[in-house]
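Shown below: data-v3.cif, with mmCIF, C-alpha atoms.
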data_data
#
loop_
_atom_site.label_atom_id
_atom_site.label_comp_id
_atom_site.auth_asym_id
_atom_site.auth_seq_id
_atom_site.Cartn_x
_atom_site.Cartn_y
_atom_site.Cartn_z
CA MET Y 1 179.72 64.92 165.75
CA SER Y 2 179.11 63.59 162.31
CA ALA Y 3 178.16 65.88 159.48
CA ASP Y 4 174.99 63.88 158.87
CA PRO Y 5 172.09 66.28 159.60
CA THR Y 6 170.03 63.43 161.03
CA GLN Y 7 172.53 63.14 163.84
CA VAL Y 8 172.93 66.84 164.59
CA LEU Y 9 170.64 67.99 167.38
CA ALA Y 10 169.18 71.46 167.04
CA PHE Y 11 170.99 72.60 170.18
CA GLU Y 12 174.34 71.61 168.76
CA THR Y 13 174.06 73.76 165.66
CA ASP Y 14 174.63 76.94 167.66
CA CYS Y 15 172.52 78.62 165.05
CA HIS Y 16 170.43 81.61 166.13
CA ILE Y 17 168.20 84.14 164.42
CA PHE Y 18 169.99 87.28 163.12
CA ASP Y 19 173.18 85.22 162.81
CA GLY Y 20 172.54 84.78 159.14
CA CYS Y 21 171.59 81.17 159.48
CA GLY Y 22 168.33 79.56 158.49
CA PHE Y 23 165.81 77.94 160.80
CA PRO Y 24 166.75 74.28 161.24
CA ALA Y 25 163.17 73.11 160.82
CA PRO Y 26 162.26 69.62 161.92
CA GLY Y 27 161.35 67.24 159.15
CA LEU Y 28 161.44 63.64 158.10
CA HIS Y 29 165.12 63.53 158.99
CA SER Y 30 164.10 64.03 162.63
CA PHE Y 31 162.60 60.55 162.49
CA LEU Y 32 165.66 58.79 161.13
CA PHE Y 33 168.28 57.38 163.43
CA GLU Y 34 171.77 56.21 162.73
CA PRO Y 35 172.24 52.66 164.00
CA LEU Y 36 173.78 52.32 167.41
CA LEU Y 37 175.02 48.91 166.35
CA GLY Y 38 175.32 47.25 162.98
CA ASP Y 39 175.15 48.71 159.52
CA GLY Y 40 172.33 50.94 158.30
CA ASP Y 41 172.63 49.70 154.74
CA SER Y 42 171.92 46.09 155.61
CA ASN Y 43 168.96 44.96 157.64
CA LEU Y 44 171.12 44.06 160.58
CA TYR Y 45 171.22 47.04 162.87
CA PHE Y 46 170.04 48.26 166.23
CA ASN Y 47 168.94 51.84 166.73
CA LYS Y 48 167.38 54.15 169.28
CA THR Y 49 163.74 53.25 168.57
CA MET Y 50 164.48 49.54 168.94
CA LEU Y 51 166.23 50.23 172.23
CA LEU Y 52 163.24 52.27 173.41
CA ALA Y 53 160.78 49.59 172.24
CA LEU Y 54 162.57 46.85 174.16
CA LEU Y 55 163.13 49.08 177.20
CA GLY Y 56 159.45 50.07 177.09
CA SER Y 57 158.27 46.49 177.05
CA ILE Y 58 160.59 45.74 179.99
CA ILE Y 59 159.13 48.71 181.87
CA VAL Y 60 155.54 47.57 181.21
CA VAL Y 61 156.33 43.99 182.24
CA GLY Y 62 158.32 45.27 185.25
CA PHE Y 63 155.44 47.45 186.39
CA PHE Y 64 152.90 44.64 186.18
CA TRP Y 65 155.40 42.18 187.61
CA ALA Y 66 155.84 44.37 190.67
CA ALA Y 67 152.10 44.88 190.97
CA PHE Y 68 150.69 41.45 190.12
CA ARG Y 69 153.45 38.96 190.89
CA LYS Y 70 152.14 38.34 194.38
CA PRO Y 71 148.78 40.04 194.36
CA LYS Y 72 146.90 40.40 197.62
CA VAL Y 73 143.19 40.31 198.30
CA VAL Y 74 143.65 43.59 200.14
CA PRO Y 75 145.78 45.46 197.60
CA GLY Y 76 148.77 47.70 198.23
CA LYS Y 77 149.16 51.05 196.52
CA LEU Y 78 150.96 49.77 193.43
CA GLN Y 79 148.57 46.86 193.00
CA MET Y 80 145.65 49.24 193.35
CA VAL Y 81 146.98 51.49 190.59
CA ALA Y 82 147.70 48.54 188.28
CA GLU Y 83 144.32 47.03 189.08
CA SER Y 84 142.47 50.22 188.23
CA GLY Y 85 144.30 50.38 184.88
CA TYR Y 86 143.55 46.73 184.20
CA ASP Y 87 139.95 47.15 185.25
CA PHE Y 88 139.55 50.25 183.09
CA ILE Y 89 140.54 48.35 179.96
CA ARG Y 90 138.73 45.15 180.89
CA ARG Y 91 135.45 46.71 181.91
CA GLY Y 92 135.55 50.03 180.11
CA VAL Y 93 136.76 48.76 176.75
CA VAL Y 94 136.44 44.98 176.31
CA TYR Y 95 133.21 44.31 178.20
CA GLU Y 96 131.66 47.48 176.79
CA THR Y 97 132.27 46.54 173.16
CA ILE Y 98 132.52 42.74 172.92
CA GLY Y 99 130.57 41.83 176.03
CA LYS Y 100 131.65 39.96 179.13
CA LYS Y 101 131.08 36.41 177.90
CA GLU Y 102 132.76 36.65 174.51
CA GLY Y 103 135.23 39.33 175.49
CA GLU Y 104 136.93 37.61 178.41
CA LYS Y 105 139.21 35.67 176.04
CA TYR Y 106 140.58 38.85 174.46
CA VAL Y 107 141.21 40.78 177.68
CA PRO Y 108 144.93 39.87 177.93
CA LEU Y 109 145.57 40.89 174.33
CA VAL Y 110 143.74 44.19 174.64
CA VAL Y 111 145.31 45.03 178.00
CA SER Y 112 148.78 44.24 176.62
CA LEU Y 113 148.09 46.32 173.52
CA PHE Y 114 146.92 49.32 175.52
CA PHE Y 115 149.81 49.45 177.96
CA PHE Y 116 152.36 48.63 175.27
CA VAL Y 117 151.11 51.37 172.96
CA TRP Y 118 150.80 53.84 175.82
CA MET Y 119 154.36 53.17 176.95
CA MET Y 120 155.68 53.54 173.39
CA ASN Y 121 153.81 56.85 173.11
CA LEU Y 122 155.02 58.00 176.51
CA TRP Y 123 158.65 57.84 175.39
CA SER Y 124 157.85 61.05 173.56
CA ILE Y 125 158.07 63.13 176.73
CA VAL Y 126 160.48 61.06 178.78
CA PRO Y 127 163.63 63.17 179.12
CA ILE Y 128 166.63 61.99 177.06
CA ALA Y 129 164.50 59.41 175.20
CA GLN Y 130 162.09 62.05 173.89
CA PHE Y 131 160.89 60.11 170.93
CA PRO Y 132 157.56 58.34 170.50
CA VAL Y 133 158.42 54.86 169.27
CA THR Y 134 155.02 54.64 167.58
CA ALA Y 135 156.06 57.53 165.30
CA ILE Y 136 157.98 54.87 163.35
CA ILE Y 137 155.36 53.12 161.22
CA SER Y 138 156.79 49.64 161.84
CA TYR Y 139 155.59 49.50 165.44
CA PRO Y 140 151.94 50.47 164.88
CA ALA Y 141 151.99 48.35 161.70
CA VAL Y 142 153.04 45.17 163.47
CA LEU Y 143 150.37 45.68 166.15
CA ALA Y 144 147.70 46.44 163.55
CA LEU Y 145 148.80 43.35 161.64
CA ILE Y 146 148.38 41.15 164.74
CA VAL Y 147 144.88 42.55 165.25
CA TYR Y 148 144.09 42.16 161.54
CA VAL Y 149 145.15 38.52 161.45
CA LEU Y 150 143.15 37.88 164.59
CA TRP Y 151 139.87 39.40 163.47
CA VAL Y 152 140.04 38.05 159.90
CA SER Y 153 140.71 34.50 161.09
CA LEU Y 154 138.00 34.90 163.74
CA THR Y 155 135.54 35.92 161.05
CA PHE Y 156 136.29 32.82 158.99
CA LYS Y 157 136.12 30.59 162.05
CA ARG Y 158 132.83 32.02 163.20
CA HIS Y 159 130.99 32.35 159.91
CA GLY Y 160 132.61 29.93 157.47
CA PHE Y 161 133.86 31.06 154.09
CA VAL Y 162 130.58 32.35 152.64
CA GLY Y 163 129.52 33.89 155.94
CA ALA Y 164 132.88 35.60 156.28
CA PHE Y 165 132.61 36.96 152.78
CA LYS Y 166 129.15 38.34 153.59
CA ASN Y 167 130.55 39.79 156.81
CA PHE Y 168 133.40 41.55 155.02
CA THR Y 169 131.19 42.90 152.25
CA GLY Y 170 128.26 43.91 154.46
CA TYR Y 171 125.96 41.79 152.31
CA ASP Y 172 122.39 43.11 152.57
CA LYS Y 173 119.73 42.08 150.04
CA THR Y 174 117.51 45.06 150.79
CA LEU Y 175 120.04 47.31 149.07
CA GLY Y 176 118.80 46.01 145.71
CA PRO Y 177 120.69 47.25 142.67
CA VAL Y 178 123.23 49.19 144.75
CA LEU Y 179 124.33 45.95 146.38
CA PRO Y 180 127.32 45.14 144.14
CA LEU Y 181 128.69 48.65 144.56
CA ALA Y 182 128.12 48.59 148.33
CA MET Y 183 129.76 45.19 148.54
CA PHE Y 184 132.76 46.39 146.61
CA ILE Y 185 133.19 49.47 148.79
CA GLU Y 186 132.69 47.54 152.00
CA PHE Y 187 135.14 44.85 150.96
CA PHE Y 188 137.72 47.45 150.05
CA SER Y 189 137.17 49.49 153.21
CA ASN Y 190 137.10 46.51 155.61
CA LEU Y 191 139.86 44.29 154.34
CA LEU Y 192 142.28 46.73 152.77
CA VAL Y 193 141.81 50.19 154.27
CA ARG Y 194 140.96 49.24 157.82
CA PRO Y 195 144.32 47.78 158.91
CA PHE Y 196 146.10 50.63 157.18
CA THR Y 197 144.10 53.35 158.93
CA HIS Y 198 144.34 51.45 162.19
CA ALA Y 199 148.13 51.69 162.10
CA VAL Y 200 148.42 55.08 160.46
CA ARG Y 201 145.99 56.77 162.89
CA LEU Y 202 148.35 56.01 165.75
CA PHE Y 203 151.50 56.62 163.73
CA ALA Y 204 150.38 59.97 162.32
CA ASN Y 205 149.19 61.30 165.67
CA MET Y 206 152.50 60.52 167.31
CA PHE Y 207 154.46 61.73 164.29
CA ALA Y 208 152.63 65.06 164.27
CA GLY Y 209 152.88 65.43 168.03
CA HIS Y 210 156.61 64.85 167.98
CA THR Y 211 157.04 67.28 165.09
CA LEU Y 212 155.14 69.98 167.00
CA LEU Y 213 157.25 69.47 170.09
CA LEU Y 214 160.40 69.56 168.00
CA LEU Y 215 159.27 72.68 166.19
CA PHE Y 216 158.69 74.68 169.37
CA THR Y 217 161.77 73.31 171.09
CA ILE Y 218 164.05 74.16 168.19
CA ALA Y 219 162.37 77.55 167.80
CA SER Y 220 162.94 78.33 171.49
CA TRP Y 221 166.66 77.80 170.94
CA TYR Y 222 166.83 79.38 167.53
CA LEU Y 223 165.06 82.59 168.64
CA LEU Y 224 167.32 83.06 171.64
CA ASN Y 225 169.16 86.09 170.22
CA GLY Y 226 168.52 89.83 170.54
CA ILE Y 227 164.85 90.82 170.30
CA GLY Y 228 164.05 87.20 169.51
CA ILE Y 229 164.32 86.32 173.21
CA ALA Y 230 160.72 87.50 173.76
CA TYR Y 231 159.53 85.15 171.03
CA ALA Y 232 161.67 82.39 172.43
CA GLY Y 233 159.75 82.75 175.72
CA VAL Y 234 156.44 82.35 173.91
CA SER Y 235 157.81 79.37 172.05
CA PHE Y 236 159.00 77.79 175.27
CA ILE Y 237 155.57 78.20 176.84
CA MET Y 238 154.22 76.40 173.80
CA VAL Y 239 156.68 73.58 174.45
CA ILE Y 240 155.23 73.13 177.92
CA VAL Y 241 151.63 73.40 176.71
CA MET Y 242 152.27 70.94 173.90
CA THR Y 243 153.99 68.52 176.26
CA ALA Y 244 150.89 68.47 178.46
CA PHE Y 245 148.73 68.11 175.37
CA GLU Y 246 150.88 65.23 174.13
CA LEU Y 247 150.53 63.51 177.47
CA PHE Y 248 146.79 63.55 176.90
CA ILE Y 249 147.02 62.53 173.23
CA GLN Y 250 149.32 59.61 174.05
CA ALA Y 251 146.79 58.04 176.39
CA LEU Y 252 143.92 58.89 174.06
CA GLN Y 253 145.57 57.30 171.03
CA ALA Y 254 146.39 54.15 172.97
CA TYR Y 255 142.75 54.05 174.06
CA VAL Y 256 141.49 54.61 170.50
CA PHE Y 257 143.80 51.87 169.22
CA VAL Y 258 142.44 49.24 171.62
CA LEU Y 259 138.86 50.48 171.23
CA LEU Y 260 139.11 49.93 167.48
CA THR Y 261 140.70 46.54 168.10
CA CYS Y 262 137.69 45.56 170.20
CA THR Y 263 135.27 46.92 167.62
CA PHE Y 264 136.93 44.79 164.91
CA ILE Y 265 136.80 41.67 167.09
CA GLN Y 266 133.20 42.38 167.97
CA GLY Y 267 132.38 42.79 164.28
CA ALA Y 268 134.02 39.44 163.55
CA LEU Y 269 132.05 37.71 166.29
CA ALA Y 270 128.71 39.37 165.61
CA GLU Y 271 125.98 37.42 163.90
CA HIS Y 272 125.34 38.62 160.39
CA HIS Y 273 122.06 40.44 159.97
CA MET R 1 173.44 72.92 149.97
CA SER R 2 175.02 69.59 150.65
CA GLN R 3 172.89 69.43 153.78
CA LEU R 4 169.73 69.82 151.72
CA LEU R 5 170.89 67.07 149.41
CA THR R 6 171.48 64.67 152.23
CA ILE R 7 168.02 65.49 153.61
CA ALA R 8 166.54 64.92 150.18
CA ALA R 9 168.37 61.61 149.99
CA ALA R 10 167.01 60.62 153.37
CA GLU R 11 163.52 61.57 152.30
CA THR R 12 163.50 59.23 149.37
CA GLU R 13 162.13 56.65 151.72
CA SER R 14 158.53 57.38 152.69
CA PRO R 15 157.83 57.33 156.44
CA LEU R 16 154.90 55.03 155.66
CA ILE R 17 157.14 52.21 154.44
CA PRO R 18 157.95 50.16 157.50
CA PRO R 19 161.59 49.18 157.94
CA ILE R 20 161.80 45.42 158.45
CA PRO R 21 164.16 45.30 161.49
CA GLU R 22 161.87 47.65 163.42
CA LEU R 23 158.93 45.39 162.55
CA VAL R 24 160.76 42.41 164.00
CA ILE R 25 161.83 44.25 167.15
CA GLY R 26 158.32 45.68 167.56
CA LEU R 27 156.88 42.18 167.34
CA ILE R 28 159.40 40.85 169.86
CA ALA R 29 158.76 43.75 172.25
CA PHE R 30 155.02 43.23 172.08
CA VAL R 31 155.28 39.47 172.44
CA ILE R 32 157.35 39.98 175.61
CA VAL R 33 154.60 42.15 177.11
CA PHE R 34 151.79 39.90 175.92
CA GLY R 35 153.55 36.74 177.08
CA PHE R 36 154.14 37.94 180.62
CA LEU R 37 150.73 39.52 180.99
CA ALA R 38 148.67 36.75 179.41
CA LYS R 39 150.50 33.75 180.83
CA LYS R 40 151.38 34.87 184.32
CA LEU R 41 150.40 38.28 185.58
CA LEU R 42 146.78 38.65 184.49
CA PRO R 43 145.78 35.12 185.57
CA ASN R 44 147.42 35.99 188.90
CA ILE R 45 145.36 39.09 189.41
CA ASN R 46 142.19 37.44 188.10
CA LYS R 47 142.54 34.77 190.75
CA VAL R 48 142.90 37.40 193.44
CA LEU R 49 139.99 39.43 192.10
CA GLU R 50 137.88 36.27 192.21
CA GLN R 51 139.03 35.63 195.78
CA ARG R 52 138.17 39.18 196.70
CA ARG R 53 134.73 38.85 195.14
CA GLU R 54 134.16 35.66 197.11
CA ALA R 55 135.43 37.28 200.29
CA ILE R 56 133.03 40.15 199.80
CA GLU R 57 130.15 37.81 199.06
CA GLY R 58 131.13 35.67 202.06
CA GLY R 59 131.13 38.83 204.14
CA ILE R 60 127.68 39.67 202.88
CA GLU R 61 126.45 36.18 203.70
CA LYS R 62 127.94 36.45 207.17
CA ALA R 63 126.27 39.79 207.67
CA GLU R 64 122.96 38.33 206.54
CA ALA R 65 123.32 35.42 208.97
CA ALA R 66 124.13 37.84 211.76
CA GLN R 67 121.11 39.89 210.86
CA THR R 68 118.73 36.91 210.94
CA GLU R 69 120.18 35.88 214.28
CA ALA R 70 119.76 39.38 215.62
CA GLN R 71 116.19 39.35 214.37
CA SER R 72 115.37 36.08 216.13
CA VAL R 73 117.02 37.28 219.34
CA LEU R 74 115.02 40.48 219.12
CA GLU R 75 111.80 38.53 218.72
CA GLN R 76 112.75 36.36 221.67
CA TYR R 77 113.38 39.44 223.75
CA LYS R 78 110.11 40.95 222.67
CA ALA R 79 108.27 37.77 223.65
CA GLN R 80 110.02 37.72 227.00
CA LEU R 81 109.24 41.36 227.54
CA ALA R 82 105.57 40.80 226.74
CA GLU R 83 105.50 37.89 229.16
CA ALA R 84 107.14 39.97 231.84
CA ARG R 85 104.62 42.76 231.29
CA HIS R 86 101.80 40.29 231.56
CA GLU R 87 103.26 38.88 234.77
CA ALA R 88 103.70 42.35 236.20
CA ALA R 89 100.10 43.19 235.39
CA ARG R 90 98.94 40.01 237.05
CA LEU R 91 101.00 40.75 240.17
CA ARG R 92 99.64 44.28 240.31
CA GLN R 93 96.12 42.99 240.06
CA GLU R 94 96.76 40.54 242.86
CA ALA R 95 98.36 43.19 245.01
CA GLN R 96 95.40 45.46 244.44
CA GLU R 97 92.99 42.76 245.45
CA GLN R 98 95.02 41.94 248.51
CA GLY R 99 95.22 45.59 249.39
CA ALA R 100 91.47 45.97 249.06
CA THR R 101 90.75 43.05 251.38
CA LEU R 102 93.35 44.36 253.84
CA ILE R 103 91.71 47.77 253.86
CA ALA R 104 88.29 46.22 254.35
CA GLU R 105 89.61 44.13 257.24
CA MET R 106 91.24 47.11 258.87
CA ARG R 107 88.12 49.16 258.44
CA ALA R 108 86.04 46.45 260.14
CA GLU R 109 88.59 46.25 262.94
CA GLY R 110 88.50 50.00 263.39
CA GLN R 111 84.75 49.96 263.51
CA ARG R 112 84.79 47.25 266.12
CA GLN R 113 87.34 49.11 268.23
CA ARG R 114 85.34 52.31 267.96
CA GLU R 115 82.20 50.58 269.11
CA GLU R 116 84.08 49.01 271.98
CA ILE R 117 85.41 52.37 273.05
CA ILE R 118 81.98 53.91 272.80
CA ALA R 119 80.45 51.08 274.80
CA ALA R 120 83.17 51.42 277.43
CA GLY R 121 82.48 55.13 277.56
CA HIS R 122 78.78 54.56 278.05
CA ALA R 123 79.39 52.05 280.82
CA GLN R 124 81.74 54.49 282.53
CA ILE R 125 79.16 57.22 282.31
CA GLU R 126 76.52 54.94 283.83
CA VAL R 127 78.82 53.99 286.69
CA ASP R 128 79.63 57.65 287.28
CA ARG R 129 76.00 58.54 287.22
CA ARG R 130 75.20 55.80 289.75
CA THR R 131 77.97 56.92 292.04
CA ALA R 132 76.81 60.52 291.74
CA ALA R 133 73.24 59.51 292.51
CA GLN R 134 74.42 57.57 295.50
CA ALA R 135 76.41 60.48 296.79
CA LEU R 136 73.52 62.81 296.16
CA ARG R 137 71.09 60.64 298.06
CA GLN R 138 73.41 60.61 301.06
CA ASP R 139 73.79 64.37 300.80
CA VAL R 140 70.03 64.81 300.63
CA GLY R 141 69.65 62.73 303.82
CA HIS R 142 72.19 64.90 305.57
CA LEU R 143 70.58 68.02 304.28
CA ALA R 144 67.14 66.86 305.36
CA THR R 145 68.42 66.11 308.81
CA ASP R 146 70.13 69.52 308.91
CA LEU R 147 67.04 71.27 307.74
CA ALA R 148 64.84 69.46 310.24
CA GLY R 149 67.24 70.46 312.98
CA LYS R 150 67.17 74.02 311.77
CA LEU R 151 63.43 74.08 311.53
CA VAL R 152 63.00 72.77 314.99
CA GLY R 153 65.61 75.14 316.32
CA GLU R 154 64.25 78.32 314.75
CA SER R 155 61.31 80.51 315.85
CA LEU R 156 58.13 80.06 314.17
CA GLU R 157 57.46 83.80 313.92
CA ASP R 158 58.53 84.11 310.40
CA HIS R 159 55.85 82.01 308.95
CA ALA R 160 56.47 83.09 305.43
CA ARG R 161 60.13 82.22 305.54
CA GLN R 162 59.24 78.94 307.12
CA SER R 163 56.86 78.06 304.41
CA ARG R 164 59.46 78.97 301.81
CA VAL R 165 61.96 76.57 303.39
CA ILE R 166 59.38 73.87 303.39
CA ASP R 167 58.64 74.53 299.77
CA ARG R 168 62.26 74.29 298.90
CA PHE R 169 62.64 71.12 300.78
CA LEU R 170 59.77 69.60 298.98
CA ALA R 171 61.18 70.62 295.64
CA ASP R 172 64.44 69.09 296.67
CA LEU R 173 62.68 65.93 297.55
CA GLU R 174 60.94 65.88 294.24
CA GLU R 175 64.19 66.35 292.43
CA LYS R 176 65.74 63.63 294.46
CA ALA R 177 62.93 61.30 293.62
CA GLU R 178 63.30 62.14 289.98
CA ALA R 179 67.01 61.57 290.08
CA ALA R 180 66.56 58.30 291.87
CA ARG R 181 64.13 57.14 289.31
#

Translate the structure described by the file into structure tokens.
Amino acid sequence: MSADPTQVLAFETDCHIFDGCGFPAPGLHSFLFEPLLGDGDSNLYFNKTMLLALLGSIIVVGFFWAAFRKPKVVPGKLQMVAESGYDFIRRGVVYETIGKKEGEKYVPLVVSLFFFVWMMNLWSIVPIAQFPVTAIISYPAVLALIVYVLWVSLTFKRHGFVGAFKNFTGYDKTLGPVLPLAMFIEFFSNLLVRPFTHAVRLFANMFAGHTLLLLFTIASWYLLNGIGIAYAGVSFIMVIVMTAFELFIQALQAYVFVLLTCTFIQGALAEHH
Amino acid sequence: MSQLLTIAAAETESPLIPPIPELVIGLIAFVIVFGFLAKKLLPNINKVLEQRREAIEGGIEKAEAAQTEAQSVLEQYKAQLAEARHEAARLRQEAQEQGATLIAEMRAEGQRQREEIIAAGHAQIEVDRRTAAQALRQDVGHLATDLAGKLVGESLEDHARQSRVIDRFLADLEEKAEAAR
């Protein structure tokens, strides 16, 4: 094993409490990976998160391929499961926010986004992988960027330049003298902050979740010495509880991500009042 | 200590600054998913969902058609049943009428037979009576002859007894006359 702390797993340190060695706390280094291929100093490398991202997309496509390649009017079990997931996003998210008529066009995008994000999140608790791909900012950022480009261009297309400007700034004459300030804040919050929070909300949730899991997992190992064994048990129970909690958060964050996507699209399509 | 330094070195990069290669791979990974789902798999399932919707609606239409047919058949049956009831009532009425006339006829026949029997009885009685009267008259003749013989043969000393016999004879004669009448 290399001496690089980012490549040393907690279990390999053989470091326990009362052995005169400090707690190997998880930190930012837990989110850095040495390249599997290529050189980390250049931009040409391939690491674990990339592998998981590509594997995840293959899994999502494979699942829907198996379910929807030859769909039947009377569905089998797999098709039924995939259909209920598809229907949940289509009806429960897209139709609910954008409406059936306008929303139909965006269903494939939103469905893809949801299952992609969910799969990336799920890697967090898949044994051996055990890392949420979305805890690397690049992945949420690229998805948020796609959504951002989509809703901004939609706004211009729907409302023209002046209309789009009014849409972004929440132009409302009744505000009177506060209008310039409100416009400034709205412009700032819509065009600059919104894509950032959209990506960071997902990133930070997964980042924090992974850190918590790491913390309790490392602690379970670290405390496994002398009287510490009792605490290690408690810590291990927390690992299980947090894993279940993460399972819930992963689905919830994927849902929130696509719900916000739909809200942005709906805002771009809505008539200005 | 060196460990801490390496960590510090690693932390110089903020986790909020996206590494470019991951951005590219993330985009590729998402485009793979979006491409397959949007171009092939979701249109596939949409087609089937549409077919299913049509099948269900077709089923509903079929059920509606069956229901209307059932309704018309039911009405037909009801009409037929009403007709049959009507017919049955008519037949019953007829039967009753026929029965009534039959009873009346039989009653008349019975009456006639009764009268015939009675008449026959009466005639028989008359014949019997005649025969009896005939026989009686002959008997009376014999008796009278007997009595006359007795009277002639007997002594006349018992006048009283004699007169009694005569009286009796006369009464007999009177009775005979009455019976002959």

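Across the chains present, the PyMOL selection byres ((chain Y) within 6 of (chain R)) applied to this file returns Leu54, Ser57, Val61, Phe68, Val73, Pro108, Ser112, Ile137, Ser138, Tyr139 and Val142 of chain Y.
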
- request: Run the PyMOL selection byres ((chain Y and resi 195-210) around 6) against the file shown and list the residues it catches, as a ChimeraX atom specification.
  value: /Y:134-135,137,140-141,144,193-194,211-213

Determine the residue membership of the PyMOL selection byres ((chain Y and resi 121) around 9) for the file above and supply it as a PDB file with C-alpha atoms, in the coordinates of the input.
ATOM      1  CA  PHE Y 116     152.360  48.630 175.270  1.00  0.00           C
ATOM      2  CA  VAL Y 117     151.110  51.370 172.960  1.00  0.00           C
ATOM      3  CA  TRP Y 118     150.800  53.840 175.820  1.00  0.00           C
ATOM      4  CA  MET Y 119     154.360  53.170 176.950  1.00  0.00           C
ATOM      5  CA  MET Y 120     155.680  53.540 173.390  1.00  0.00           C
ATOM      6  CA  LEU Y 122     155.020  58.000 176.510  1.00  0.00           C
ATOM      7  CA  TRP Y 123     158.650  57.840 175.390  1.00  0.00           C
ATOM      8  CA  SER Y 124     157.850  61.050 173.560  1.00  0.00           C
ATOM      9  CA  ILE Y 125     158.070  63.130 176.730  1.00  0.00           C
ATOM     10  CA  PHE Y 131     160.890  60.110 170.930  1.00  0.00           C
ATOM     11  CA  PRO Y 132     157.560  58.340 170.500  1.00  0.00           C
ATOM     12  CA  VAL Y 133     158.420  54.860 169.270  1.00  0.00           C
ATOM     13  CA  THR Y 134     155.020  54.640 167.580  1.00  0.00           C
ATOM     14  CA  ALA Y 135     156.060  57.530 165.300  1.00  0.00           C
ATOM     15  CA  MET Y 206     152.500  60.520 167.310  1.00  0.00           C
ATOM     16  CA  GLU Y 246     150.880  65.230 174.130  1.00  0.00           C
ATOM     17  CA  LEU Y 247     150.530  63.510 177.470  1.00  0.00           C
ATOM     18  CA  ILE Y 249     147.020  62.530 173.230  1.00  0.00           C
ATOM     19  CA  GLN Y 250     149.320  59.610 174.050  1.00  0.00           C
ATOM     20  CA  ALA Y 251     146.790  58.040 176.390  1.00  0.00           C
ATOM     21  CA  GLN Y 253     145.570  57.300 171.030  1.00  0.00           C
ATOM     22  CA  ALA Y 254     146.390  54.150 172.970  1.00  0.00           C
TER      23      ALA Y 254
END

- request: Calculate how many Å separate atom CA of Lys157 of chain Y from atom CA of Thr97 of chain Y, rounding to one decimal.
  value: 19.8 Å

- request: Quote the spacing between atom CA of Leu192 of chain Y and atom CA of Leu252 of chain Y in Å to one decimal place.
  value: 24.6 Å

task: Work out how far apart atom CA of Pro71 of chain Y and atom CA of Glu83 of chain Y are and give it in Å to one decimal.
output: 9.8 Å

task: Find the residues around Met238 of chain Y up to 9 Å (all atoms listed in the file counted), leave out those fewer than 3 positions away in its own chain, and share them as a ChimeraX atom specification.
output: /Y:213,216-217,233-235,241-243

message: So, with all atoms listed in the file as the atoms that count, which of Y:Pro24, Y:Phe88, Y:Thr155, Y:Phe165 lies closest to Ala219 of chain Y?
response: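 Selected residue with least distance to Ala219 of chain Y: Y:Pro24.
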
- prompt: Can you list, as a PyMOL selection string, every protein, DNA or RNA residue that comes within 9 Å of segment 161-174 of chain R when you count all atoms listed in the file, leaving out same-chain residues fewer than 6 positions away?
  reply: chain R and resi 140+144+147+151

Take the residues just selected and output them with C-alpha atoms as an mmCIF file, keeping the file's coordinate frame.
data_model
loop_
_atom_site.group_PDB
_atom_site.id
_atom_site.type_symbol
_atom_site.label_atom_id
_atom_site.label_comp_id
_atom_site.auth_asym_id
_atom_site.auth_seq_id
_atom_site.Cartn_x
_atom_site.Cartn_y
_atom_site.Cartn_z
ATOM 1 C CA VAL R 140 70.030 64.810 300.630
ATOM 2 C CA ALA R 144 67.140 66.860 305.360
ATOM 3 C CA LEU R 147 67.040 71.270 307.740
ATOM 4 C CA LEU R 151 63.430 74.080 311.530
#

field: Exercise: Ala268 of chain Y partners within 10 Å, all atoms listed in the file, chain neighbours under 5 positions left out, as number ranges by chain
entry: Y: 150-159, 164, 167-168, 262-263

Now that the selection is made, can you save its residues with C-alpha atoms as a compact mmCIF listing (two decimals), keeping the file's coordinate frame?
# COMPACT_ATOMS: atom_id res chain seq x y z
CA LEU Y 150 143.15 37.88 164.59
CA TRP Y 151 139.87 39.40 163.47
CA VAL Y 152 140.04 38.05 159.90
CA SER Y 153 140.71 34.50 161.09
CA LEU Y 154 138.00 34.90 163.74
CA THR Y 155 135.54 35.92 161.05
CA PHE Y 156 136.29 32.82 158.99
CA LYS Y 157 136.12 30.59 162.05
CA ARG Y 158 132.83 32.02 163.20
CA HIS Y 159 130.99 32.35 159.91
CA ALA Y 164 132.88 35.60 156.28
CA ASN Y 167 130.55 39.79 156.81
CA PHE Y 168 133.40 41.55 155.02
CA CYS Y 262 137.69 45.56 170.20
CA THR Y 263 135.27 46.92 167.62

Find the smallest box with edges along x, y and z containing every listed atom of segment 135-154 of chain R, then add 8 Å on each side and report centre and edge lengths in Å to one decimal, as JSON.
{"center_x": 69.7, "center_y": 69.4, "center_z": 306.2, "size_x": 29.4, "size_y": 33.8, "size_z": 36.2}
